[in-house]
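Taking it in order: structure first as structure tokens, then the write-up.
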Amino acid sequence: MSAIEIIAVIFAIFILLKVSFVLINPHWWFKLADAILRNTIILTIAYLLIAVIVGYFIFRSFSIEQVAAIMLFSSILIGLGLLPFSETFLAIRDEMLGSRSYILRKTWFTLLIWITIALWTLYVVFSKRIAFFTKPL
């Protein structure tokens, strides 16, 4: 199996296990989530490490345009999953958001990653288009 196939299998197994646990015993799953989410520093480091490892294999196998399209698809699926809880998010949004500086302090690194991916995508897509028009006939 290739690295991408191994990553895909890990993803599929994780999803099936998570859905099974949530359907069988949602309270146990939420207790586990509570325990994991309480230590945000370790969780952040773990997520970052996993993102670097998976990202390495993803970017070796796919172009940034393909990655961006897959990220859009994933974001849409996440949005669909969160949509039933929109009233809850609206009710706590002021508490979650706070001020602009608070948001930036909490999310600056993630925003930097998203902006980098967006600019990289635009650069690659449009530099190909410009190169097409500047080639001599």
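Ordering of the structure tokens sets the chain letters (A, B, ...); residue numbers start at 1 within each chain; ligands are numbered from 1 in the order shown.
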
All residues 12 Å or closer to Phe109 of chain A, only C-alpha atoms, same chain fewer than 6 positions away omitted, as a list in words: Thr44, Leu48, Ile103, Ile115 and Thr116 of chain A

Residue subset to file, keeping all heavy atoms, as a PDB file, in the first residue's frame:
```
ATOM      1  N   THR A  44      -2.861  20.266  20.740  1.00  0.00           N
ATOM      2  CA  THR A  44      -2.366  21.135  19.670  1.00  0.00           C
ATOM      3  C   THR A  44      -1.072  20.582  19.081  1.00  0.00           C
ATOM      4  O   THR A  44      -0.914  20.527  17.852  1.00  0.00           O
ATOM      5  CB  THR A  44      -2.142  22.566  20.197  1.00  0.00           C
ATOM      6  OG1 THR A  44      -3.385  23.077  20.679  1.00  0.00           O
ATOM      7  CG2 THR A  44      -1.605  23.484  19.109  1.00  0.00           C
ATOM      8  N   LEU A  48      -0.693  19.210  15.304  1.00  0.00           N
ATOM      9  CA  LEU A  48       0.332  19.817  14.452  1.00  0.00           C
ATOM     10  C   LEU A  48       1.280  18.761  13.901  1.00  0.00           C
ATOM     11  O   LEU A  48       1.600  18.766  12.702  1.00  0.00           O
ATOM     12  CB  LEU A  48       1.097  20.880  15.238  1.00  0.00           C
ATOM     13  CG  LEU A  48       1.951  21.834  14.446  1.00  0.00           C
ATOM     14  CD1 LEU A  48       1.152  22.530  13.355  1.00  0.00           C
ATOM     15  CD2 LEU A  48       2.560  22.869  15.372  1.00  0.00           C
ATOM     16  N   ILE A 103      -9.871  36.968  19.037  1.00  0.00           N
ATOM     17  CA  ILE A 103      -9.966  35.975  17.963  1.00  0.00           C
ATOM     18  C   ILE A 103      -8.595  35.765  17.332  1.00  0.00           C
ATOM     19  O   ILE A 103      -8.169  34.628  17.113  1.00  0.00           O
ATOM     20  CB  ILE A 103     -10.990  36.408  16.890  1.00  0.00           C
ATOM     21  CG1 ILE A 103     -12.393  36.453  17.480  1.00  0.00           C
ATOM     22  CG2 ILE A 103     -10.951  35.472  15.685  1.00  0.00           C
ATOM     23  CD1 ILE A 103     -13.399  37.132  16.586  1.00  0.00           C
ATOM     24  N   ILE A 115      -4.434  31.050   5.085  1.00  0.00           N
ATOM     25  CA  ILE A 115      -4.050  32.128   4.155  1.00  0.00           C
ATOM     26  C   ILE A 115      -2.901  31.671   3.261  1.00  0.00           C
ATOM     27  O   ILE A 115      -2.904  31.937   2.051  1.00  0.00           O
ATOM     28  CB  ILE A 115      -3.686  33.413   4.933  1.00  0.00           C
ATOM     29  CG1 ILE A 115      -4.946  34.019   5.556  1.00  0.00           C
ATOM     30  CG2 ILE A 115      -2.985  34.427   4.035  1.00  0.00           C
ATOM     31  CD1 ILE A 115      -4.677  35.096   6.587  1.00  0.00           C
ATOM     32  N   THR A 116      -1.934  30.949   3.829  1.00  0.00           N
ATOM     33  CA  THR A 116      -0.815  30.435   3.032  1.00  0.00           C
ATOM     34  C   THR A 116      -1.307  29.481   1.956  1.00  0.00           C
ATOM     35  O   THR A 116      -0.904  29.589   0.786  1.00  0.00           O
ATOM     36  CB  THR A 116       0.218  29.730   3.943  1.00  0.00           C
ATOM     37  OG1 THR A 116       0.683  30.665   4.914  1.00  0.00           O
ATOM     38  CG2 THR A 116       1.371  29.172   3.134  1.00  0.00           C
TER      39      THR A 116
END
```

If I take atom CA of Leu119 of chain A and atom CA of Ile64 of chain A, how far is one from the other in Å, to one decimal? 10.4 Å

Distance query segment 67-74 of chain A at most 8 Å, only C-alpha atoms, self and fewer than 3 positions along chain excluded, as an MDAnalysis selection string: chainID A and resid 58:59 62:64 77:78 117:118 121

If you keep C-alpha atoms, can you produce a file of those selected residues as a compact mmCIF listing (two decimals), in the first residue's frame?
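The result, stored in out13.txt:
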```txt
# COMPACT_ATOMS: atom_id res chain seq x y z
CA ILE A 58 -0.39 14.66 0.68
CA PHE A 59 1.76 17.36 -0.92
CA PHE A 62 -1.17 15.86 -5.04
CA SER A 63 -0.91 19.35 -6.47
CA ILE A 64 -1.97 22.35 -4.41
CA LEU A 77 -19.05 18.25 4.68
CA ILE A 78 -17.99 19.69 8.05
CA ILE A 117 -2.72 27.62 1.34
CA ALA A 118 -5.11 30.11 -0.31
CA THR A 121 -3.29 28.00 -4.64
```

Using Å and a single decimal, report how far atom CA of Pro84 of chain A sits from atom CA of Ile7 of chain A.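 Separation of atom CA of Ile7 of chain A and atom CA of Pro84 of chain A: 28.9 Å.
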
For Ala33 of chain A, find every residue with an atom within 12 Å (counting only C-alpha atoms), except residues of its own chain fewer than 5 positions away, and show them as a VMD selection string. chain A and resid 18 21 to 22 26 to 28 38 to 40 43

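Interatomic distance, atom CA of Ala51 of chain A to atom CA of Leu82 of chain A: 22.1 Å.
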